[in-house]
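Trainee: The following block contains the structure, expressed as structure tokens.
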Amino acid sequence: MSDPVIAVDLGGTNLRCAVVDADGVISARRQARTPAQEGPDAVLDLLASLVSASASEAGLANDAPVGIDMPGPLDPRAEIVAFMPNLAGWRDFPVGDALRRRISRPFALGNDGNCAALGEAAYGAARGVADLIHVALGTGIGGGVISRGRLIDGVHGFGAEVGHVVVALDGPRCSCGGIGCIESFAAGWALARDADLVSRTDDGAAIRLAAGDQPVGVQALIEAAESGDPAALAILRRAAGALGAGLGGFLNLFNPAMITIGGGVGDRAGDLLIPMIEERLAQHSFPQCRHGLRIVRSELGDDAGLLGASVIARETAG
Ligand SMILES: [Zn+2]
């Protein structure tokens, strides 16, 4: 369908809603702070009110569909949220029933990594690319896999957790409880951990300086790396090593034409990380599987989730 649809990006911090037309043009934006600690009812009440405000501003019909991008693992077909990081009260939550009590429009659900991949393929750096791996490098690491134009997410939609693939059997503990996932080296939280550790040593002067009177975090790490600081660059190189090892496996599995790197950390540090990742991919993949591969930064920034949500909304309308 080519009519405008409603897109919702539910995040741990902000709840955003907009109308998106078939060309990816965004209008009638609404945004509010997510009442993350107040439980699903408060979040969904607010979501429904933003949907209705955006729809009426844009003059949409009552059956214009809604696509909702949600953080964390969910089964988009059974409409069950397994849990949501940073949002209280969502464990094994039947979100479909709860939404139907509030929204009479057709709707579709997707997790944020998959939505970002779909957005990138429809409107971003991967327009026209049928074989894509998207890596959302933020506080955590999400992403999605599109193969021959289809999103690959498995029997219950929990697949394509691209950040939670093990690259080191004796690596650090991951946020998921596992050991040595890509995320445990390369997510924002892991980079902040390493930057903080190094900043307490003699090698950490440039990172300390970049942090100023703020706590040492990813921002200071990237600034120090951009100024050529060897200790900061070594942290990023280790993260790129983990990404290179993991993505090398994905190349051998999926033989994509493109890898897009987005998310807050990817948007900020992609230019530093991408050449480092490319160097490592050569050690971890078949030459045939990376032949012609392009690794590029996401073009959608904060709107990746909204645009991806518009893609699933459009699909639900047929
Ligand atoms: Zn993990």
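Simple scheme: letters A, B, ... for chains in structure tokens order, numbers from 1 for residues in each chain, numbers from 1 for ligands in the order shown.
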If the limit is 12 Å from any atom of ligand 1, counting only C-alpha atoms and all ligand atoms, which residues qualify? Return them as a VMD selection string.
Mentor: chain A and resid 140 to 142 161 to 168 171 to 187 190
Trainee: Next, write the just-selected residues to a file, as an mmCIF file, in the first residue's frame, keeping N, CA and C atoms as the atom set.
Mentor:
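Ended up saving to part.cif:
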```cif
data_model
loop_
_atom_site.group_PDB
_atom_site.id
_atom_site.type_symbol
_atom_site.label_atom_id
_atom_site.label_comp_id
_atom_site.auth_asym_id
_atom_site.auth_seq_id
_atom_site.Cartn_x
_atom_site.Cartn_y
_atom_site.Cartn_z
ATOM 1 N N GLY A 140 23.569 -1.107 23.927
ATOM 2 C CA GLY A 140 23.698 -2.535 23.639
ATOM 3 C C GLY A 140 23.916 -2.701 22.140
ATOM 4 N N ILE A 141 23.906 -3.945 21.679
ATOM 5 C CA ILE A 141 24.037 -4.170 20.234
ATOM 6 C C ILE A 141 22.850 -4.980 19.746
ATOM 7 N N GLY A 142 22.118 -4.394 18.798
ATOM 8 C CA GLY A 142 21.030 -5.102 18.145
ATOM 9 C C GLY A 142 21.326 -5.154 16.658
ATOM 10 N N GLU A 161 19.811 -11.958 16.789
ATOM 11 C CA GLU A 161 20.426 -11.173 17.878
ATOM 12 C C GLU A 161 21.912 -11.050 17.567
ATOM 13 N N VAL A 162 22.220 -10.143 16.674
ATOM 14 C CA VAL A 162 23.578 -10.116 16.126
ATOM 15 C C VAL A 162 24.631 -9.723 17.169
ATOM 16 N N GLY A 163 24.210 -9.074 18.256
ATOM 17 C CA GLY A 163 25.183 -8.698 19.290
ATOM 18 C C GLY A 163 25.533 -9.841 20.223
ATOM 19 N N HIS A 164 24.721 -10.889 20.213
ATOM 20 C CA HIS A 164 24.896 -11.954 21.201
ATOM 21 C C HIS A 164 25.355 -13.256 20.549
ATOM 22 N N VAL A 165 26.408 -13.108 19.782
ATOM 23 C CA VAL A 165 27.100 -14.237 19.189
ATOM 24 C C VAL A 165 28.474 -14.279 19.850
ATOM 25 N N VAL A 166 28.867 -15.452 20.308
ATOM 26 C CA VAL A 166 30.108 -15.566 21.091
ATOM 27 C C VAL A 166 31.338 -15.471 20.182
ATOM 28 N N VAL A 167 32.243 -14.589 20.560
ATOM 29 C CA VAL A 167 33.502 -14.481 19.821
ATOM 30 C C VAL A 167 34.717 -14.808 20.701
ATOM 31 N N ALA A 168 34.494 -15.016 21.990
ATOM 32 C CA ALA A 168 35.617 -15.369 22.873
ATOM 33 C C ALA A 168 35.097 -16.267 23.979
ATOM 34 N N GLY A 171 35.773 -14.765 27.264
ATOM 35 C CA GLY A 171 35.639 -13.303 27.233
ATOM 36 C C GLY A 171 34.876 -12.778 28.427
ATOM 37 N N PRO A 172 34.574 -11.468 28.409
ATOM 38 C CA PRO A 172 33.857 -10.846 29.530
ATOM 39 C C PRO A 172 32.415 -11.337 29.636
ATOM 40 N N ARG A 173 31.851 -11.163 30.801
ATOM 41 C CA ARG A 173 30.430 -11.441 31.024
ATOM 42 C C ARG A 173 29.604 -10.440 30.216
ATOM 43 N N CYS A 174 28.547 -10.934 29.579
ATOM 44 C CA CYS A 174 27.706 -10.068 28.740
ATOM 45 C C CYS A 174 26.455 -9.639 29.502
ATOM 46 N N SER A 175 25.794 -8.619 29.011
ATOM 47 C CA SER A 175 24.546 -8.151 29.631
ATOM 48 C C SER A 175 23.459 -9.227 29.579
ATOM 49 N N CYS A 176 23.575 -10.172 28.630
ATOM 50 C CA CYS A 176 22.555 -11.219 28.484
ATOM 51 C C CYS A 176 22.795 -12.375 29.452
ATOM 52 N N GLY A 177 23.903 -12.330 30.194
ATOM 53 C CA GLY A 177 24.236 -13.423 31.103
ATOM 54 C C GLY A 177 25.241 -14.389 30.505
ATOM 55 N N GLY A 178 25.437 -14.313 29.193
ATOM 56 C CA GLY A 178 26.404 -15.184 28.534
ATOM 57 C C GLY A 178 27.832 -14.686 28.726
ATOM 58 N N ILE A 179 28.745 -15.370 28.069
ATOM 59 C CA ILE A 179 30.175 -15.044 28.164
ATOM 60 C C ILE A 179 30.701 -14.759 26.766
ATOM 61 N N GLY A 180 31.400 -13.640 26.623
ATOM 62 C CA GLY A 180 32.176 -13.404 25.408
ATOM 63 C C GLY A 180 31.387 -13.081 24.158
ATOM 64 N N CYS A 181 30.135 -12.591 24.305
ATOM 65 C CA CYS A 181 29.380 -12.128 23.132
ATOM 66 C C CYS A 181 30.084 -10.910 22.513
ATOM 67 N N ILE A 182 29.766 -10.632 21.246
ATOM 68 C CA ILE A 182 30.264 -9.416 20.596
ATOM 69 C C ILE A 182 29.955 -8.210 21.487
ATOM 70 N N GLU A 183 28.730 -8.183 22.026
ATOM 71 C CA GLU A 183 28.307 -7.034 22.838
ATOM 72 C C GLU A 183 29.226 -6.795 24.032
ATOM 73 N N SER A 184 29.780 -7.873 24.602
ATOM 74 C CA SER A 184 30.598 -7.710 25.803
ATOM 75 C C SER A 184 31.939 -7.037 25.506
ATOM 76 N N PHE A 185 32.261 -6.852 24.221
ATOM 77 C CA PHE A 185 33.459 -6.110 23.820
ATOM 78 C C PHE A 185 33.119 -4.756 23.196
ATOM 79 N N ALA A 186 32.009 -4.677 22.482
ATOM 80 C CA ALA A 186 31.837 -3.566 21.545
ATOM 81 C C ALA A 186 30.615 -2.688 21.802
ATOM 82 N N ALA A 187 29.742 -3.063 22.741
ATOM 83 C CA ALA A 187 28.587 -2.199 23.035
ATOM 84 C C ALA A 187 29.059 -0.957 23.787
ATOM 85 N N ALA A 190 30.226 -1.693 27.225
ATOM 86 C CA ALA A 190 31.514 -2.388 27.315
ATOM 87 C C ALA A 190 32.665 -1.416 27.037
#
```
Trainee: Pick out each residue of range 63-240 of chain A that DSSP on the backbone tags as alpha helix (DSSP H); I need them as a ChimeraX atom specification.
Mentor: /A:95-100,112-123,183-186,188-199,205-211,218-226,230-240
Trainee: Which is closest to Ser199 in chain A among A:Arg314, A:Gly124, A:Ala231, A:Phe93, if we use only C-alpha atoms?
Mentor: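 Of the candidates, the smallest distance to Ser199 in chain A is held by A:Ala231.
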Trainee: Which value, in Å to one decimal, gives the distance between CA of Val216 in chain A and CA of Gly305 in chain A?
Mentor: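 Computed distance, CA of Val216 in chain A to CA of Gly305 in chain A, equals 28.3 Å.
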Trainee: Rank A:Glu38, A:Arg238, A:His284, A:Ala55 by their smallest atom-to-atom distance to Val20 in chain A, using only C-alpha atoms, and report the top residue only.
Mentor: A:Ala55
